[in-house]
Amino acid sequence: MNMNLEKIVPHFLFSGPILQIRPLGEGLINDTFFVETQGNNPDYILQRKNKNIFRDVPAMMDNIHKVTTHLKKIISERGGDPLREALTVVPTVDGRLFYKDAAGEYWAACLFIDNTTAYDYADSPELASQGGRGIGKFQAMLAGMKEQLADILPGFHNMRFRLKQWDEVLGKDPAGRKAQVAEEIGWIESRRSQMLALWKKFESGEIPVRITHNDTKISNILFDRQGEVLCVIDLDTVLSSMCLNDYGDAIRSYTNAGKEDDENLENVYMKMDIFESYTRGYLSEASSFLTQPEIDNLAFSALYITFEQVLRFLMDYIDGDNYYKVKYETHNLVRTRAQYKLLLSMEENYDEMLSVIGRIVCDIK
Ligand code: GN1
Ligand code: MG
């Protein structure tokens, strides 16, 4: 067991002797560990939160606590299992939602939900449909939440903010990499106003403010052993924003035939059968609360979030890799190109996406 972790673990209200602690998952931001306990005691997830990205971890944990408390209340009222269908934050021995170590690092823990499976790829339409249902249900349960959430990531899926950040980084060119990526920069510049147009609809109130997850890739959903969606995890980015972020980001992640950082661009394209299944699952739950302007912008939100991801990976490359974890020097550039290939494929399929959504909406009515 890592010495450092041995010192962290006793600060949390974990029950039972600890057998082992090992790294878990492929997150690009936090460090995640699986804490295995002896016998029938529950196991746990322990995370070191990335304080460079989450500038106010106490406020973030407070948001997560508010959201999970609300979800558990509704799940219990419906006769569900609040310990399996929603994340459970495990407090510290002194009753806090996080522990700050001597080095100023923030740690938080939650219950590990056993007998579940998480996927990195949506390898079947059934799985995609279940994932869609999961996010639709998550948003629907939070639609009635009265409590306010702190804005812990100002400008997160805000295109106006992202373009401003982009202009600043390009102006500085801190790593001297700008000249090598002139073509890629053009991909962003040529789509600026089209992308900003969706955010303007949110700013004007045409698209309403909702509580959203903001990181709805498939690996952030747990499925039970029967393949049914069970629980939405990784609540670090729950915010008040457009619910289109969640739909768009899921389409970005689920429908990609390749990997987010695929070096072989031939692997990367949008799978329309997965698109249709995800959308069907999502709308089976979300059509209960979505407004017409939200429905009208669903297809475009997939392009919007994928464009934003191209921008964020390229911006981080130009900035010298300060945000995302990278495994090799051009990793962010490889991610940029792979996400751009996906964006092109979405643009080609855009009309088809609109008609699929139209068909599903008719079927549901
Ligand atoms: C980050 O760390 P992870 O994988 O949960 C990022 C998302 C990106 C994603 C790309 C707070 O999420 O916005 O879409 O990487 N989260 C943050 O894989 O920036
Ligand atoms: Mg995340």
# chains A, B, ... in the order shown; residues from 1 in each chain; ligands from 1
$ select_by_dssp --residues "range 120-263 of chain A" --states "strand (DSSP E or B)" --output "list in words"
Arg210, Ile211, Thr212, Ile221, Leu222, Phe223, Asp224, Val229, Leu230, Cys231, Val232, Leu239, Ser240, Ser241 and Asn256 of chain A
$ residues_near_ligand --ligand "ligand 2" --cutoff "9 Å" --atoms "only C-alpha atoms and all ligand atoms" --output "PyMOL selection string"
chain A and resi 27-30+214-217+220+233-237
$ residues_around --residues "range 36-43 of chain A" --least-positions-apart "4" --cutoff "12 Å" --atoms "only C-alpha atoms" --output "VMD selection string"
chain A and resid 1 9 13 to 24 83 to 84 88 90 109 to 115
$ write_last_selection --atoms "N, CA and C atoms" --output "PDB file, in the first residue's frame"
ATOM      1  N   MET A   1       0.841  -1.208   0.000  1.00  0.00           N
ATOM      2  CA  MET A   1       0.000   0.000   0.000  1.00  0.00           C
ATOM      3  C   MET A   1       0.877   1.260   0.000  1.00  0.00           C
ATOM      4  N   VAL A   9      -6.349   7.408   4.420  1.00  0.00           N
ATOM      5  CA  VAL A   9      -7.498   6.535   4.676  1.00  0.00           C
ATOM      6  C   VAL A   9      -8.088   6.653   6.092  1.00  0.00           C
ATOM      7  N   LEU A  13     -14.575   7.770   7.354  1.00  0.00           N
ATOM      8  CA  LEU A  13     -15.405   6.827   8.115  1.00  0.00           C
ATOM      9  C   LEU A  13     -15.585   5.533   7.333  1.00  0.00           C
ATOM     10  N   PHE A  14     -14.495   4.825   7.106  1.00  0.00           N
ATOM     11  CA  PHE A  14     -14.572   3.537   6.420  1.00  0.00           C
ATOM     12  C   PHE A  14     -14.798   2.456   7.466  1.00  0.00           C
ATOM     13  N   SER A  15     -15.670   1.510   7.165  1.00  0.00           N
ATOM     14  CA  SER A  15     -15.851   0.429   8.149  1.00  0.00           C
ATOM     15  C   SER A  15     -15.044  -0.787   7.713  1.00  0.00           C
ATOM     16  N   GLY A  16     -14.462  -1.440   8.680  1.00  0.00           N
ATOM     17  CA  GLY A  16     -13.740  -2.679   8.414  1.00  0.00           C
ATOM     18  C   GLY A  16     -12.282  -2.463   8.083  1.00  0.00           C
ATOM     19  N   PRO A  17     -11.463  -3.476   8.378  1.00  0.00           N
ATOM     20  CA  PRO A  17     -10.038  -3.373   8.081  1.00  0.00           C
ATOM     21  C   PRO A  17      -9.790  -3.310   6.570  1.00  0.00           C
ATOM     22  N   ILE A  18      -8.804  -2.527   6.185  1.00  0.00           N
ATOM     23  CA  ILE A  18      -8.524  -2.345   4.753  1.00  0.00           C
ATOM     24  C   ILE A  18      -7.564  -3.412   4.246  1.00  0.00           C
ATOM     25  N   LEU A  19      -7.955  -4.075   3.165  1.00  0.00           N
ATOM     26  CA  LEU A  19      -7.112  -5.114   2.586  1.00  0.00           C
ATOM     27  C   LEU A  19      -6.110  -4.540   1.598  1.00  0.00           C
ATOM     28  N   GLN A  20      -6.606  -3.718   0.686  1.00  0.00           N
ATOM     29  CA  GLN A  20      -5.695  -3.107  -0.292  1.00  0.00           C
ATOM     30  C   GLN A  20      -6.301  -1.848  -0.885  1.00  0.00           C
ATOM     31  N   ILE A  21      -5.406  -1.022  -1.441  1.00  0.00           N
ATOM     32  CA  ILE A  21      -5.841   0.190  -2.145  1.00  0.00           C
ATOM     33  C   ILE A  21      -5.156   0.161  -3.500  1.00  0.00           C
ATOM     34  N   ARG A  22      -5.946   0.278  -4.581  1.00  0.00           N
ATOM     35  CA  ARG A  22      -5.301   0.297  -5.896  1.00  0.00           C
ATOM     36  C   ARG A  22      -5.910   1.362  -6.798  1.00  0.00           C
ATOM     37  N   PRO A  23      -5.097   1.863  -7.748  1.00  0.00           N
ATOM     38  CA  PRO A  23      -5.594   2.888  -8.670  1.00  0.00           C
ATOM     39  C   PRO A  23      -6.734   2.350  -9.518  1.00  0.00           C
ATOM     40  N   LEU A  24      -7.637   3.232  -9.896  1.00  0.00           N
ATOM     41  CA  LEU A  24      -8.822   2.804 -10.646  1.00  0.00           C
ATOM     42  C   LEU A  24      -9.126   3.799 -11.751  1.00  0.00           C
ATOM     43  N   LEU A  83     -28.971   3.431  -1.776  1.00  0.00           N
ATOM     44  CA  LEU A  83     -27.532   3.172  -1.658  1.00  0.00           C
ATOM     45  C   LEU A  83     -26.938   2.625  -2.960  1.00  0.00           C
ATOM     46  N   ARG A  84     -27.795   2.126  -3.825  1.00  0.00           N
ATOM     47  CA  ARG A  84     -27.282   1.575  -5.091  1.00  0.00           C
ATOM     48  C   ARG A  84     -27.619   2.467  -6.297  1.00  0.00           C
ATOM     49  N   THR A  88     -23.167   7.664  -2.752  1.00  0.00           N
ATOM     50  CA  THR A  88     -23.195   7.997  -1.326  1.00  0.00           C
ATOM     51  C   THR A  88     -21.835   8.554  -0.922  1.00  0.00           C
ATOM     52  N   VAL A  90     -18.991   9.430   1.507  1.00  0.00           N
ATOM     53  CA  VAL A  90     -18.572   8.937   2.824  1.00  0.00           C
ATOM     54  C   VAL A  90     -17.824  10.077   3.521  1.00  0.00           C
ATOM     55  N   ALA A 109     -14.402  10.710  -0.576  1.00  0.00           N
ATOM     56  CA  ALA A 109     -14.668   9.279  -0.717  1.00  0.00           C
ATOM     57  C   ALA A 109     -16.152   9.025  -0.922  1.00  0.00           C
ATOM     58  N   CYS A 110     -16.443   7.915  -1.572  1.00  0.00           N
ATOM     59  CA  CYS A 110     -17.838   7.485  -1.674  1.00  0.00           C
ATOM     60  C   CYS A 110     -17.895   5.962  -1.602  1.00  0.00           C
ATOM     61  N   LEU A 111     -19.108   5.466  -1.391  1.00  0.00           N
ATOM     62  CA  LEU A 111     -19.306   4.014  -1.336  1.00  0.00           C
ATOM     63  C   LEU A 111     -19.067   3.421  -2.700  1.00  0.00           C
ATOM     64  N   PHE A 112     -18.433   2.282  -2.766  1.00  0.00           N
ATOM     65  CA  PHE A 112     -18.305   1.539  -4.014  1.00  0.00           C
ATOM     66  C   PHE A 112     -19.581   0.714  -4.183  1.00  0.00           C
ATOM     67  N   ILE A 113     -20.195   0.798  -5.342  1.00  0.00           N
ATOM     68  CA  ILE A 113     -21.436   0.052  -5.570  1.00  0.00           C
ATOM     69  C   ILE A 113     -21.066  -1.264  -6.260  1.00  0.00           C
ATOM     70  N   ASP A 114     -21.239  -2.366  -5.530  1.00  0.00           N
ATOM     71  CA  ASP A 114     -20.736  -3.642  -6.073  1.00  0.00           C
ATOM     72  C   ASP A 114     -21.741  -4.299  -7.022  1.00  0.00           C
ATOM     73  N   ASN A 115     -21.299  -5.345  -7.654  1.00  0.00           N
ATOM     74  CA  ASN A 115     -22.111  -6.056  -8.650  1.00  0.00           C
ATOM     75  C   ASN A 115     -22.612  -5.145  -9.761  1.00  0.00           C
TER      76      ASN A 115
END
$ atom_distance --atom1 "CA of Leu311 in chain A" --atom2 "CA of Trp187 in chain A"
8.9 Å
$ select_by_dssp --residues "range 52-193 of chain A" --states "alpha helix (DSSP H)" --output "MDAnalysis selection string"
chainID A and resid 57:77 82:85 125:142 159:172 182:189 192:193
$ closest_residue --among "A:Val169, A:Leu265, A:Leu5, A:Ile221" --to "Leu344 in chain A" --atoms "only C-alpha atoms"
A:Leu265
$ residues_around --residues "Met270 in chain A" --least-positions-apart "4" --cutoff "6 Å" --atoms "only C-alpha atoms" --output "PDB file with C-alpha atoms, in the first residue's frame"
ATOM      1  CA  THR A 255     -21.544   7.123 -30.846  1.00  0.00           C
ATOM      2  CA  ASN A 256     -17.798   7.295 -31.514  1.00  0.00           C
ATOM      3  CA  SER A 345     -18.882  12.775 -39.163  1.00  0.00           C
TER       4      SER A 345
END
$ residues_around --residues "Leu342 in chain A" --least-positions-apart "3" --cutoff "10 Å" --atoms "only C-alpha atoms" --output "PyMOL selection string"
chain A and resi 252-253+255-258+260+265+267-271+303+306-307+310+336-339+345-348
$ residues_around --residues "range 316-322 of chain A" --least-positions-apart "6" --cutoff "6 Å" --atoms "only C-alpha atoms" --output "list in words"
Pro174, Ala175, Arg177, Lys178 and Asn332 of chain A
$ atom_distance --atom1 "CA of Ala143 in chain A" --atom2 "CA of Lys72 in chain A"
14.1 Å
$ closest_residue --among "A:Asn264, A:Thr32, A:Asn4, A:Gln139" --to "ligand 1" --atoms "only C-alpha atoms and all ligand atoms"
A:Thr32
$ closest_residue --among "A:Ile185, A:Leu87, A:Ala122, A:Ile8" --to "Tyr99 in chain A" --atoms "only C-alpha atoms"
A:Ile8
